[in-house]
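Visitor: For reference, the structure I am asking about is given below.
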Amino acid sequence: ASGEFIQLVGVADWVTEKYTRGMHRVVLQILDSSIANDLDYYVIYNRAKGPNAGVNFAKNQVTISTGKAREVSWHQAGLAEGQIFRKPGYNSGSQDLVVKVCEMSTGTEVMPDTAGVLIYLDNGQEADNGPKCGDTITNAPTPVATSMCGVDHLIEVDITTDLWPTEISWELFDICTGSEILLKAKGSAGYAGYTQNQAQDIDKTCAPPGEYLFRIYDSVGDGIYSPGGYQ
């Protein structure tokens with residue numbers, strides 16, 4: 001059967017490094033040219049644990065949203081074990097994109113909580129001729145984003161400050177290695193922090209293909225005021 005089986009972990013298990021690199025993912029991006037405004041799908045395991053313990057919306061579900069990287073997203077579905085999300089006409093073609101939650105497992109002291117997700121294309125809801133949970137999966141489709149910079153990814157962080165620029169800082173991590181790729185925070189490597197009001201600042205870097213986590217902070221906790229923002 002053709003498809004891709006993904007084991008998602010929540011943010012808490014990523015933060016504590018209770019996952020296996022190359023086996024688990026935190027975020028899955030699925031490109032779809034048929035969505036208006038060049039939006040893509042993002043799939044995560046919204047596990048209510050650790051820094052995410054207070055979540056109430058779609059709690060402990062696999063959530064699917066549409067949006068652009070580092071911008072506003074729109075919730076599409078919250079899936080429990082055994083549930084399915086179907087998008088007809090994937091990539092403006094004749095097949096449907098299907099995201100199926102096969103299993104949800106509670107981890108141990110050394111293993112993460114996981115949501116096993118099967119992603120595949122089939123010929124529509126009536127045909128339902130895609131792979132089933134437990135099938136041997138081969139010839140996986142490749143819906144995951146592959147933005148490249150030569151053989152590497154081009155990563156760009158675009159910050160527009162508000163009237164309180166010194167409150168803003170951010171960091172970018174390589175999920176697979178746990179290493180820090182970029183950091184812009186007051187006091188790091190002699191950096192004094194953002195100082196100009198309502199000014200744009202862009203950082204770019206090339207990084208190997210992989211999975212990355214971007215975190216942005218406001219020291220007061222009230223966020224960046226419009227028209228400031230990031231992407």
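Within each chain, counting starts at residue 1; across the structure tokens, chains are named A, B, ... in the order shown, with ligands numbered 1 upward in that order.
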Which residues, written as a VMD selection string, have at least one atom at most 8 Å from Leu213 of chain A, with only C-alpha atoms counted and residues fewer than 4 positions away on the same chain left out?
Guide: chain A and resid 172 to 175
Visitor: Pick the closest to Thr106 of chain A from A:Gly10, A:Pro227, A:Pro88, A:Gly3: which is it, counting only C-alpha atoms?
Guide: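 Looking only at the distances to Thr106 of chain A, the closest residue turns out to be A:Gly10.
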Visitor: If you count only C-alpha atoms, which residues fall within 10 Å of Ser226 of chain A, apart from same-chain ones fewer than 5 positions away, as a short mmCIF file (atom, residue, chain, number, x, y, z; two decimals) with N, CA and C atoms, in the first residue's frame?
Guide:
```
data_model
loop_
_atom_site.label_atom_id
_atom_site.label_comp_id
_atom_site.auth_asym_id
_atom_site.auth_seq_id
_atom_site.Cartn_x
_atom_site.Cartn_y
_atom_site.Cartn_z
N THR A 160 9.43 42.56 12.39
CA THR A 160 9.13 43.99 12.41
C THR A 160 8.78 44.34 13.85
N THR A 161 9.55 45.22 14.45
CA THR A 161 9.38 45.54 15.86
C THR A 161 8.17 46.46 16.08
N ASP A 162 7.70 46.51 17.33
CA ASP A 162 6.65 47.45 17.70
C ASP A 162 7.30 48.62 18.46
N LEU A 163 6.56 49.24 19.34
CA LEU A 163 7.10 50.38 20.08
C LEU A 163 7.97 49.97 21.27
N GLN A 198 9.42 49.96 15.44
CA GLN A 198 8.72 49.72 14.18
C GLN A 198 9.68 49.63 13.00
#
```
Visitor: Between A:Leu121, A:Met104, A:Val99, A:Cys176, which one has atoms that come closest to Met23 of chain A, using only C-alpha atoms?
Guide: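 When distances to Met23 of chain A are compared using only C-alpha atoms, the smallest one comes from A:Cys176.
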Visitor: Give me, as a list in words, all polymer residues having an atom no more than 9 Å from Asn91 of chain A, counting only C-alpha atoms and skipping those fewer than 2 positions away in the same chain.
Guide: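 The residues satisfying every condition are Leu31, Asp32, Ser33, Ser34, Ile35, Gly89, Gly93, Ser94, Gln95, Asp96 and Leu97 of chain A.
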Visitor: What separation in Å, quoted to one decimal, exists between atom CA of Gln200 of chain A and atom CA of His75 of chain A?
Guide: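 Rounded to one decimal, the two atoms are 28.6 Å apart.
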Visitor: Which distance in Å separates atom CA of Ile202 of chain A and atom CA of Gly223 of chain A, to one decimal?
Guide: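 Between atom CA of Ile202 of chain A and atom CA of Gly223 of chain A the gap is 18.7 Å.
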Visitor: If you run DSSP on the backbone here, which positions in segment 25-199 of chain A get strand (DSSP E or B)? Please write them as a PyMOL selection string.
Guide: chain A and resi 25+27-30+40-45+62-67+73-79+84-87+96-105+114-122+138+144+149+152-160+168-174+180-184
Visitor: For Ile44 of chain A, which of A:Ala115, A:Cys133, A:Arg86, A:Glu17 is the closest residue, counting only C-alpha atoms?
Guide: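 Among A:Ala115, A:Cys133, A:Arg86, A:Glu17, it is A:Ala115 that comes nearest to Ile44 of chain A.
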